[in-house]
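Single-structure report; data block below.
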Amino acid sequence: MPAVLFVCLGNICRSPIAEGIFRKLTAEAGADIHIDSAGTGHWHIGEPSDPRARRVGEANGCPMNHRARQLTSADFARFDYVLVMDSANMRDVLAWPGSRKEKVSYLLQWDEENDDLEVPDPYYGELGDFDMVFDLCYSACAKLLEAIQNSHLD
Ligand code: 4NP
């Protein structure tokens with residue numbers, strides 16, 4: 001079973017939104033994929049996702065029950081795809097002990113319509129910023145799922 005990990009800084013906004021979207025899309029597609037998210041930072045370990053993130057998820061049929069956790073070295077062995085949200089995440093993830101750079105990509109790389117690969121950090125923003133994160137992640141998650149399904153055909 002392919003395994004997919006979404007990574008951002010705090011693991012309370014962007015990566016749990018992407019996780020929630022990807023759970024919904026894989027369920028709809030009947031795909032069997034292990035899905036999780038994690039943060040490079042430790043500040044929010046154990047916390048539920050930001051209420052604004054949960055609100056945009058719920059409004060779009062992607063309920064989020066994730067509790068924040070920090071990335072670990074073991075994640076690079078466990079997961080086949082490690083999707084980061086911005087260039088700071090990319091730098092931190094590539095420098096992580098045990099990092100496997102062939103597994104790491106920007107989430108937005110999977111949607112060729114994106115010129116800019118950054119999912120902007122909405123933490124200090126407003127509700128509209130969370131809507132924008134949702135939309136960016138949604139299109140890229142759909143493309144990612146398609147690519148995974150095509151590459152795991154028997
Ligand atoms: P996220 O957003 O990386 O999308 O979860 C953030 C959440 C918390 C903080 C920064 C970004 N923070 O500095 O606590």
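How things are named: the first chain in the structure tokens is A, the next is B, and so on; residues count from 1 in each chain; ligands count from 1 in the order shown.
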
Mind dumping a table of every chain A residue within 7 Å of ligand 1, with the nearest atom pair and its distance in Å to one decimal, using only C-alpha atoms and all ligand atoms, sorted by chain and rising number, as a tab-separated table?
```
residue	atom	partner	partner_atom_place_in_ligand_line	distance
A:Cys8	CA	ligand 1	3 (O)	4.4
A:Leu9	CA	ligand 1	3 (O)	3.4
A:Gly10	CA	ligand 1	5 (O)	3.6
A:Asn11	CA	ligand 1	5 (O)	3.9
A:Ile12	CA	ligand 1	5 (O)	3.9
A:Cys13	CA	ligand 1	5 (O)	3.7
A:Arg14	CA	ligand 1	4 (O)	3.7
A:Ser15	CA	ligand 1	4 (O)	6.1
A:Gly39	CA	ligand 1	3 (O)	6.8
A:Trp43	CA	ligand 1	14 (O)	6.1
A:His44	CA	ligand 1	14 (O)	6.9
A:Asp121	CA	ligand 1	4 (O)	5.3
A:Pro122	CA	ligand 1	2 (O)	6.2
A:Tyr123	CA	ligand 1	2 (O)	4.8
```

- Query: Between A:Leu117, A:Thr40, A:Gly46, A:Lys103, which one has atoms that come closest to Asp80 of chain A, using only C-alpha atoms?
  - Reply: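 Answer, going by the shortest atom-to-atom distance: A:Lys103.
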
- Message: My list of candidates is A:Phe134, A:Ala68, A:Ala3, A:Glu126. Which is closest to Gly20 of chain A when distances are computed with only C-alpha atoms?
- Response: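 Checking each of A:Phe134, A:Ala68, A:Ala3, A:Glu126 against Gly20 of chain A, counting only C-alpha atoms, the winner is A:Phe134.
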
- Please identify all polymer residues within 10 Å of Ala142 of chain A, counting only C-alpha atoms, omitting same-chain residues fewer than 3 positions from it, and present them as a list in words. Ile21, Phe22, Leu25, Thr26, Trp110, Asp111, Cys137, Tyr138, Ser139, Leu145, Glu146 and Ala147 of chain A

- In terms of the shortest atom-to-atom distance over only C-alpha atoms, which of A:Glu112, A:Asp129, A:Asp86, A:Tyr124 is closest to Cys141 of chain A? A:Glu112

- Taking into account only C-alpha atoms, which residue in the set A:Cys62, A:Ala74, A:Leu136, A:Leu127 is nearest to Ala27 of chain A?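 The closest residue to Ala27 of chain A is A:Cys62.
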
Can you list, as a compact mmCIF listing (two decimals) with C-alpha atoms, in the first residue's frame, every residue of segment 12-96 of chain A that DSSP puts in alpha helix (DSSP H)?
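Result file is selection.txt:
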```txt
# COMPACT_ATOMS: atom_id res chain seq x y z
CA ARG A 14 -1.77 23.41 5.76
CA SER A 15 -0.68 19.77 6.07
CA PRO A 16 -3.81 18.63 7.98
CA ILE A 17 -5.95 20.38 5.34
CA ALA A 18 -4.07 18.48 2.61
CA GLU A 19 -4.40 15.28 4.63
CA GLY A 20 -8.17 15.78 4.99
CA ILE A 21 -8.56 16.45 1.27
CA PHE A 22 -6.46 13.44 0.33
CA ARG A 23 -8.44 11.17 2.68
CA LYS A 24 -11.66 12.27 1.01
CA LEU A 25 -10.31 11.84 -2.53
CA THR A 26 -8.81 8.39 -1.83
CA ALA A 27 -12.04 7.24 -0.18
CA GLU A 28 -14.05 8.44 -3.18
CA ALA A 29 -11.64 6.63 -5.52
CA PRO A 51 -10.22 25.91 14.16
CA ARG A 52 -10.06 27.93 10.93
CA ALA A 53 -8.52 24.94 9.11
CA ARG A 54 -11.17 22.59 10.52
CA ARG A 55 -13.86 25.02 9.48
CA VAL A 56 -12.75 25.16 5.85
CA GLY A 57 -12.28 21.37 5.83
CA GLU A 58 -15.74 20.69 7.22
CA ALA A 59 -17.35 23.22 4.87
CA ASP A 75 8.88 8.80 8.51
CA PHE A 76 11.39 8.69 5.65
CA ALA A 77 11.38 4.90 5.80
CA ARG A 78 7.64 4.53 6.39
CA SER A 87 10.53 26.20 0.47
CA ALA A 88 11.27 26.49 4.20
CA ASN A 89 9.67 23.07 4.70
CA MET A 90 11.71 21.76 1.75
CA ARG A 91 14.96 23.03 3.25
CA ASP A 92 14.14 21.61 6.70
CA VAL A 93 12.93 18.25 5.40
CA LEU A 94 15.97 17.75 3.17
```

- Note on the structure: Using only C-alpha atoms, the residue out of A:Leu108, A:His34, A:Glu47, A:Met132 with shortest distance to Asn65 of chain A is A:Glu47

- Between A:Ser99, A:Ser49, A:Asn114, A:Asn150, which has the minimum distance to Val82 of chain A (counting only C-alpha atoms)?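 Among the listed residues, A:Ser99 lies closest to Val82 of chain A.
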
- Query: atom CA of Ser151 of chain A and atom CA of Tyr81 of chain A are how many Å apart?
  - Reply: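 Atom-to-atom, atom CA of Ser151 of chain A to atom CA of Tyr81 of chain A, that is 12.2 Å.
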
- Message: For a test of reading the model, state the distance in Å between atom CA of Phe130 of chain A and atom CA of Val104 of chain A, rounded to one decimal.
- Response: 23.8 Å

- Note on the structure: re atom CA of Asp36 of chain A and atom CA of Asp131 of chain A: distance 21.0 Å

- Could you pull out all residues of segment 3-152 of chain A with a DSSP call of strand (DSSP E) and give them as JSON, numbers by chain? {"A": [3, 4, 5, 6, 7, 8, 34, 35, 36, 37, 38, 39, 81, 82, 83, 84, 104, 105, 106]}
